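Structure file work.txt with compact mmCIF, C-alpha atoms and all ligand atoms:
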```txt
# COMPACT_ATOMS: atom_id res chain seq x y z
CA MET U 1 101.27 90.65 80.82
CA ALA U 2 100.26 90.44 77.16
CA VAL U 3 97.14 92.50 76.49
CA SER U 4 95.40 89.52 74.89
CA GLU U 5 95.64 87.40 78.04
CA LYS U 6 92.71 86.57 80.26
CA LEU U 7 92.92 88.81 83.31
CA ASN U 8 92.08 88.68 86.96
CA ALA U 9 91.24 91.69 89.13
CA LEU U 10 94.70 91.84 90.67
CA GLN U 11 96.33 92.02 87.24
CA VAL U 12 93.99 94.86 86.29
CA MET U 13 95.18 96.75 89.38
CA GLN U 14 98.84 95.92 88.93
CA ASP U 15 99.26 97.09 85.35
CA ALA U 16 99.82 100.79 86.09
CA PRO U 17 99.53 103.08 89.12
CA VAL U 18 96.38 104.73 87.75
CA ILE U 19 93.16 103.47 86.16
CA PRO U 20 91.54 106.39 84.32
CA VAL U 21 87.83 106.88 84.95
CA ILE U 22 86.41 107.89 81.59
CA VAL U 23 83.09 109.59 80.79
CA LEU U 24 82.43 109.66 77.04
CA HIS U 25 79.63 111.68 75.45
CA ASP U 26 80.69 111.32 71.83
CA VAL U 27 81.49 108.07 70.03
CA ALA U 28 83.95 109.95 67.84
CA HIS U 29 86.10 110.60 70.92
CA ALA U 30 86.37 106.98 72.02
CA VAL U 31 89.15 105.67 69.78
CA PRO U 32 91.43 108.75 69.80
CA LEU U 33 91.05 108.99 73.56
CA ALA U 34 91.95 105.33 74.09
CA ARG U 35 94.95 105.68 71.76
CA ALA U 36 96.08 108.84 73.57
CA LEU U 37 96.01 107.08 76.94
CA VAL U 38 97.84 104.02 75.61
CA ALA U 39 100.46 106.33 74.05
CA GLY U 40 100.99 107.77 77.52
CA GLY U 41 101.54 104.31 79.00
CA VAL U 42 98.08 103.72 80.48
CA ARG U 43 96.21 100.79 78.97
CA MET U 44 93.66 99.67 81.60
CA LEU U 45 90.72 101.92 80.70
CA GLU U 46 87.53 102.22 82.75
CA VAL U 47 84.77 103.56 80.51
CA THR U 48 81.82 104.44 82.73
CA LEU U 49 78.31 103.38 81.80
CA ARG U 50 77.03 106.86 82.57
CA THR U 51 76.14 108.17 79.17
CA PRO U 52 73.86 106.86 76.42
CA GLN U 53 76.93 106.60 74.17
CA ALA U 54 79.01 104.52 76.59
CA LEU U 55 78.33 101.09 75.10
CA ALA U 56 78.95 102.24 71.53
CA CYS U 57 82.18 103.89 72.72
CA MET U 58 83.23 100.64 74.36
CA GLU U 59 82.51 98.66 71.21
CA ALA U 60 84.63 101.06 69.17
CA ILE U 61 87.57 100.83 71.57
CA ALA U 62 87.33 97.03 71.80
CA ARG U 63 87.36 96.76 68.02
CA GLN U 64 89.89 99.42 67.10
CA VAL U 65 92.34 99.71 70.01
CA PRO U 66 93.53 96.17 70.76
CA GLU U 67 96.50 97.52 72.69
CA ALA U 68 94.13 98.87 75.34
CA VAL U 69 92.43 96.68 77.95
CA LEU U 70 88.86 97.85 78.05
CA GLY U 71 86.90 97.89 81.30
CA ALA U 72 83.43 99.07 82.21
CA GLY U 73 82.80 101.40 85.13
CA THR U 74 79.59 102.31 86.94
CA VAL U 75 78.32 98.72 86.64
CA ARG U 76 75.34 98.74 89.02
CA SER U 77 73.26 95.73 87.93
CA PRO U 78 73.54 92.30 86.34
CA ALA U 79 72.03 93.77 83.16
CA GLU U 80 74.75 96.40 82.99
CA ALA U 81 77.41 93.74 83.56
CA LEU U 82 76.00 91.74 80.66
CA ALA U 83 75.79 94.78 78.39
CA ALA U 84 79.37 95.75 79.21
CA HIS U 85 80.61 92.23 78.56
CA SER U 86 78.78 92.12 75.24
CA ALA U 87 80.35 95.47 74.28
CA GLY U 88 83.82 94.00 74.81
CA ALA U 89 84.66 94.88 78.41
CA ARG U 90 87.30 92.63 79.93
CA PHE U 91 86.86 93.85 83.49
CA ALA U 92 84.20 95.69 85.46
CA VAL U 93 84.22 98.26 88.22
CA SER U 94 81.18 99.02 90.38
CA PRO U 95 80.55 102.07 92.58
CA GLY U 96 79.03 99.85 95.29
CA TYR U 97 78.49 96.14 95.83
CA THR U 98 75.63 93.70 95.67
CA SER U 99 75.87 89.92 95.57
CA ARG U 100 73.78 89.92 92.40
CA VAL U 101 76.31 92.07 90.59
CA GLY U 102 79.12 89.93 91.96
CA GLN U 103 77.41 86.74 90.78
CA ALA U 104 76.61 88.19 87.36
CA CYS U 105 80.26 89.06 86.81
CA ARG U 106 81.31 85.59 87.97
CA ASP U 107 78.83 84.00 85.55
CA LEU U 108 80.28 86.11 82.74
CA ASP U 109 83.85 85.37 83.83
CA LEU U 110 84.31 89.14 84.05
CA PRO U 111 86.83 90.26 86.70
CA LEU U 112 85.13 92.76 89.03
CA LEU U 113 86.50 95.47 91.30
CA PRO U 114 83.56 96.01 93.66
CA GLY U 115 83.17 99.43 95.23
CA VAL U 116 83.08 99.68 99.02
CA ALA U 117 82.98 102.52 101.52
CA THR U 118 82.32 100.76 104.86
CA GLY U 119 83.50 97.76 106.85
CA SER U 120 80.18 95.99 106.32
CA GLU U 121 80.48 96.38 102.56
CA ILE U 122 84.00 94.98 102.67
CA MET U 123 82.68 91.99 104.65
CA MET U 124 79.88 91.40 102.14
CA ALA U 125 82.35 91.46 99.25
CA MET U 126 84.69 89.15 101.17
CA GLU U 127 81.85 86.70 101.83
CA ASP U 128 81.45 86.45 98.07
CA GLY U 129 85.17 85.91 97.56
CA PHE U 130 86.28 89.38 96.46
CA THR U 131 89.52 90.63 98.02
CA GLN U 132 90.54 93.34 95.50
CA LEU U 133 88.19 96.25 95.99
CA LYS U 134 87.64 99.81 94.88
CA PHE U 135 87.41 102.30 97.76
CA PHE U 136 84.80 104.79 96.58
CA PRO U 137 84.41 107.68 97.05
CA ALA U 138 87.87 107.60 98.58
CA LEU U 139 88.48 111.15 99.71
CA GLN U 140 84.91 111.81 100.75
CA ALA U 141 84.65 108.52 102.70
CA GLY U 142 87.76 108.93 104.83
CA GLY U 143 90.77 108.89 102.51
CA LEU U 144 94.15 107.84 103.80
CA ALA U 145 93.01 107.55 107.41
CA MET U 146 90.25 105.12 106.48
CA LEU U 147 92.61 102.91 104.48
CA LYS U 148 95.07 102.87 107.39
CA ALA U 149 92.26 101.90 109.79
CA TRP U 150 91.10 99.09 107.48
CA SER U 151 94.60 97.62 107.21
CA GLY U 152 94.11 96.11 110.68
CA PRO U 153 90.85 94.14 110.44
CA PHE U 154 91.01 93.75 106.65
CA GLY U 155 94.74 93.21 106.23
CA GLU U 156 94.36 90.86 103.25
CA ILE U 157 92.26 93.29 101.21
CA ARG U 158 93.88 95.33 98.42
CA PHE U 159 92.30 98.60 97.37
CA CYS U 160 92.02 100.91 94.40
CA PRO U 161 90.98 104.23 95.98
CA THR U 162 88.95 106.36 93.57
CA GLY U 163 87.19 109.69 94.02
CA GLY U 164 89.13 112.87 94.69
CA ILE U 165 92.50 111.44 93.67
CA THR U 166 94.90 113.70 91.74
CA LEU U 167 98.48 113.50 90.54
CA GLN U 168 99.36 115.51 93.66
CA ASN U 169 97.83 113.19 96.28
CA ALA U 170 98.11 109.86 94.42
CA ALA U 171 101.59 109.09 95.77
CA ASP U 172 100.33 109.28 99.36
CA PHE U 173 97.69 106.65 98.59
CA LEU U 174 100.09 104.46 96.63
CA ALA U 175 102.51 104.49 99.56
CA LEU U 176 100.02 102.57 101.71
CA PRO U 177 100.67 98.82 101.89
CA ASN U 178 97.02 97.96 101.13
CA VAL U 179 96.81 100.14 97.98
CA VAL U 180 97.74 98.66 94.61
CA CYS U 181 96.60 101.44 92.27
CA VAL U 182 94.31 104.47 92.25
CA GLY U 183 91.50 105.50 89.94
CA GLY U 184 90.76 108.99 88.72
CA SER U 185 89.23 111.17 86.09
CA TRP U 186 92.01 113.74 86.06
CA LEU U 187 93.69 112.04 83.10
CA VAL U 188 90.66 112.67 80.92
CA PRO U 189 89.47 116.27 81.38
CA ALA U 190 86.18 117.01 79.63
CA ASP U 191 87.58 120.18 78.01
CA ALA U 192 90.55 118.33 76.52
CA MET U 193 88.17 115.80 74.99
CA ALA U 194 85.81 118.49 73.70
CA GLN U 195 88.78 120.24 72.04
CA GLY U 196 90.21 116.98 70.69
CA ASP U 197 93.42 117.77 72.56
CA TRP U 198 94.66 114.19 72.60
CA ALA U 199 98.28 115.31 73.07
CA ARG U 200 97.30 116.81 76.43
CA ILE U 201 95.71 113.53 77.46
CA THR U 202 98.83 111.60 76.45
CA ARG U 203 100.85 114.08 78.52
CA LEU U 204 98.60 113.63 81.56
CA ALA U 205 98.90 109.84 81.22
CA SER U 206 102.70 110.03 80.83
CA GLU U 207 102.96 112.13 84.01
CA THR U 208 101.64 109.20 86.03
CA ALA U 209 104.86 107.31 85.31
CA VAL U 210 106.44 109.30 88.16
CA LEU U 211 104.10 107.47 90.52
CA LYS U 212 105.92 104.40 91.71
CA MET U 213 104.12 101.11 91.65
CA PRO U 214 103.43 100.43 95.32
CA ALA U 215 104.83 97.48 97.26
CA ALA U 216 101.35 95.95 97.24
CA ALA U 217 101.49 95.70 93.45
CA ARG U 218 104.80 93.93 93.24
C1 LIG Z 1 83.93 108.52 89.56
O1 LIG Z 1 83.35 107.46 89.61
O2 LIG Z 1 83.44 109.58 89.17
C2 LIG Z 1 85.33 108.44 89.96
O3 LIG Z 1 85.44 108.10 91.26
C3 LIG Z 1 86.14 109.61 89.61
O4 LIG Z 1 86.27 110.48 90.64
P1 LIG Z 1 87.17 111.74 90.39
O5 LIG Z 1 86.49 112.54 89.31
O6 LIG Z 1 87.19 112.45 91.69
O7 LIG Z 1 88.52 111.24 89.95
```

What do you get writing this file as structure tokens?
Amino acid sequence: MAVSEKLNALQVMQDAPVIPVIVLHDVAHAVPLARALVAGGVRMLEVTLRTPQALACMEAIARQVPEAVLGAGTVRSPAEALAAHSAGARFAVSPGYTSRVGQACRDLDLPLLPGVATGSEIMMAMEDGFTQLKFFPALQAGGLAMLKAWSGPFGEIRFCPTGGITLQNAADFLALPNVVCVGGSWLVPADAMAQGDWARITRLASETAVLKMPAAAR
């Protein structure tokens, strides 16, 4: 897929085994961080809307790192979806799901990975036409066993488990037939960013290449 193409949620999930969950406190970190991740082979970037600097960071990445595909995380309202879209986000990830957020993203033509943690939430997202979902918080909400249980009644749903995933346990999640990719913050440690240790971040991103793309992504 060329980075300039219009995306859908499945393509966002299929690009690499891991979507990094990024928390930026300093606009000066945004561009070197994005370049470091891309250099390590990871180009789908979820910048969370958790800090006052997040939107400015997203604008900087959208403008200066065209080889990355910028996404917005922690999208909890239609207003946040609009702000993220205006800042250059090309996909959105939410920690939970509401129909209003789903509709806002549809109206903006912004692919959304809605967050779910229960069967009822999966059914609400399905009612609104979403079948690629983020399982959050994955480890805390039941981990591998929960995903295996869901593969029965929700066999057509594809998940991106996020929350508690590491390089060590990622392969177990990616081995499940209903998992396409995982999300995690371990690629972007706060201390590496504070120290400007971009080489370490490139190394952490490169290490994820050992994780095979799961059958569900092919
Ligand atoms: C989050 O939204 O904070 C993500 O789920 C990241 O979780 P992690 O820090 O456990 O990877």

Original post:
CA of Val42 in chain U to CA of Ala209 in chain U: how many Å, to one decimal?
Top reply: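 So the answer is 9.1 Å.
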
Would you name the residues within 8 Å of ligand LIG 1 (chain Z), counting only C-alpha atoms and all ligand atoms, and put them as a tab-separated table (two decimals) with C-alpha atoms, in the frame of the given file?
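What ended up in out.tsv:
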```tsv
chain	number	residue	atom	x	y	z
U	21	VAL	CA	87.83	106.88	84.95
U	48	THR	CA	81.82	104.44	82.73
U	73	GLY	CA	82.80	101.40	85.13
U	74	THR	CA	79.59	102.31	86.94
U	95	PRO	CA	80.55	102.07	92.58
U	136	PHE	CA	84.80	104.79	96.58
U	137	PRO	CA	84.41	107.68	97.05
U	138	ALA	CA	87.87	107.60	98.58
U	162	THR	CA	88.95	106.36	93.57
U	163	GLY	CA	87.19	109.69	94.02
U	164	GLY	CA	89.13	112.87	94.69
U	165	ILE	CA	92.50	111.44	93.67
U	166	THR	CA	94.90	113.70	91.74
U	183	GLY	CA	91.50	105.50	89.94
U	184	GLY	CA	90.76	108.99	88.72
U	185	SER	CA	89.23	111.17	86.09
U	186	TRP	CA	92.01	113.74	86.06
```

Residues of range 46-159 of chain U that approach range 6-19 of chain U to 7 Å or less, counting only C-alpha atoms: could you list each one with the shortest pair of atoms and its distance in Å to one decimal, rows by chain and increasing residue number, as a tab-separated table?
```
residue	atom	partner	partner_atom	distance
U:Glu46	CA	U:Ile19	CA	6.7
U:Pro111	CA	U:Ala9	CA	5.2
U:Leu112	CA	U:Ala9	CA	6.2
U:Leu113	CA	U:Ala9	CA	6.4
U:Gln132	CA	U:Leu10	CA	6.5
```

**OP:** Name the residues in contact with range 170-178 of chain U at a cut-off of 9 Å, using only C-alpha atoms, excluding same-chain residues fewer than 5 positions from it; report them as number ranges by chain.
**Re:** U: 17-18, 143-144, 147-148, 150-151, 155-161, 165, 211-216

Subject >> Coordinates-based distance that separates CA of Val116 in chain U from CA of Val69 in chain U (Å, one decimal) >> reply: 23.2 Å

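If you look at CA of Ser86 in chain U and CA of Phe135 in chain U, they are 26.2 Å away from each other.
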
Original post:
Using all atoms listed in the file, which residues sit within 12 Å of Pro66 in chain U once same-chain residues fewer than 5 positions away are excluded, as a PyMOL selection string?
Top reply: chain U and resi 2-5+31+34-35+38+43-45+58-61+88-90

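For the choices U:Gly119, U:Glu207, U:Thr202, U:Ala54, the atom-to-atom distance to Gly40 in chain U is smallest for U:Thr202 when using only C-alpha atoms.
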
Original post:
What would the list of residues within 8 Å of (89.9, 112.8, 68.0) (file frame) look like as a list in words, if all atoms listed in the file are what count?
Top reply: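 Neighbouring residues, ordered by chain and number, come to Ala28, His29, Ala30, Val31, Pro32, Leu33, Met193, Gly196, Asp197 and Trp198 of chain U.
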
Original post:
Taking only C-alpha atoms into account, which of U:Arg106, U:Val27, U:Phe91, U:Met124 comes nearest Gln53 in chain U?
Top reply: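 Selected residue with least distance to Gln53 in chain U: U:Val27.
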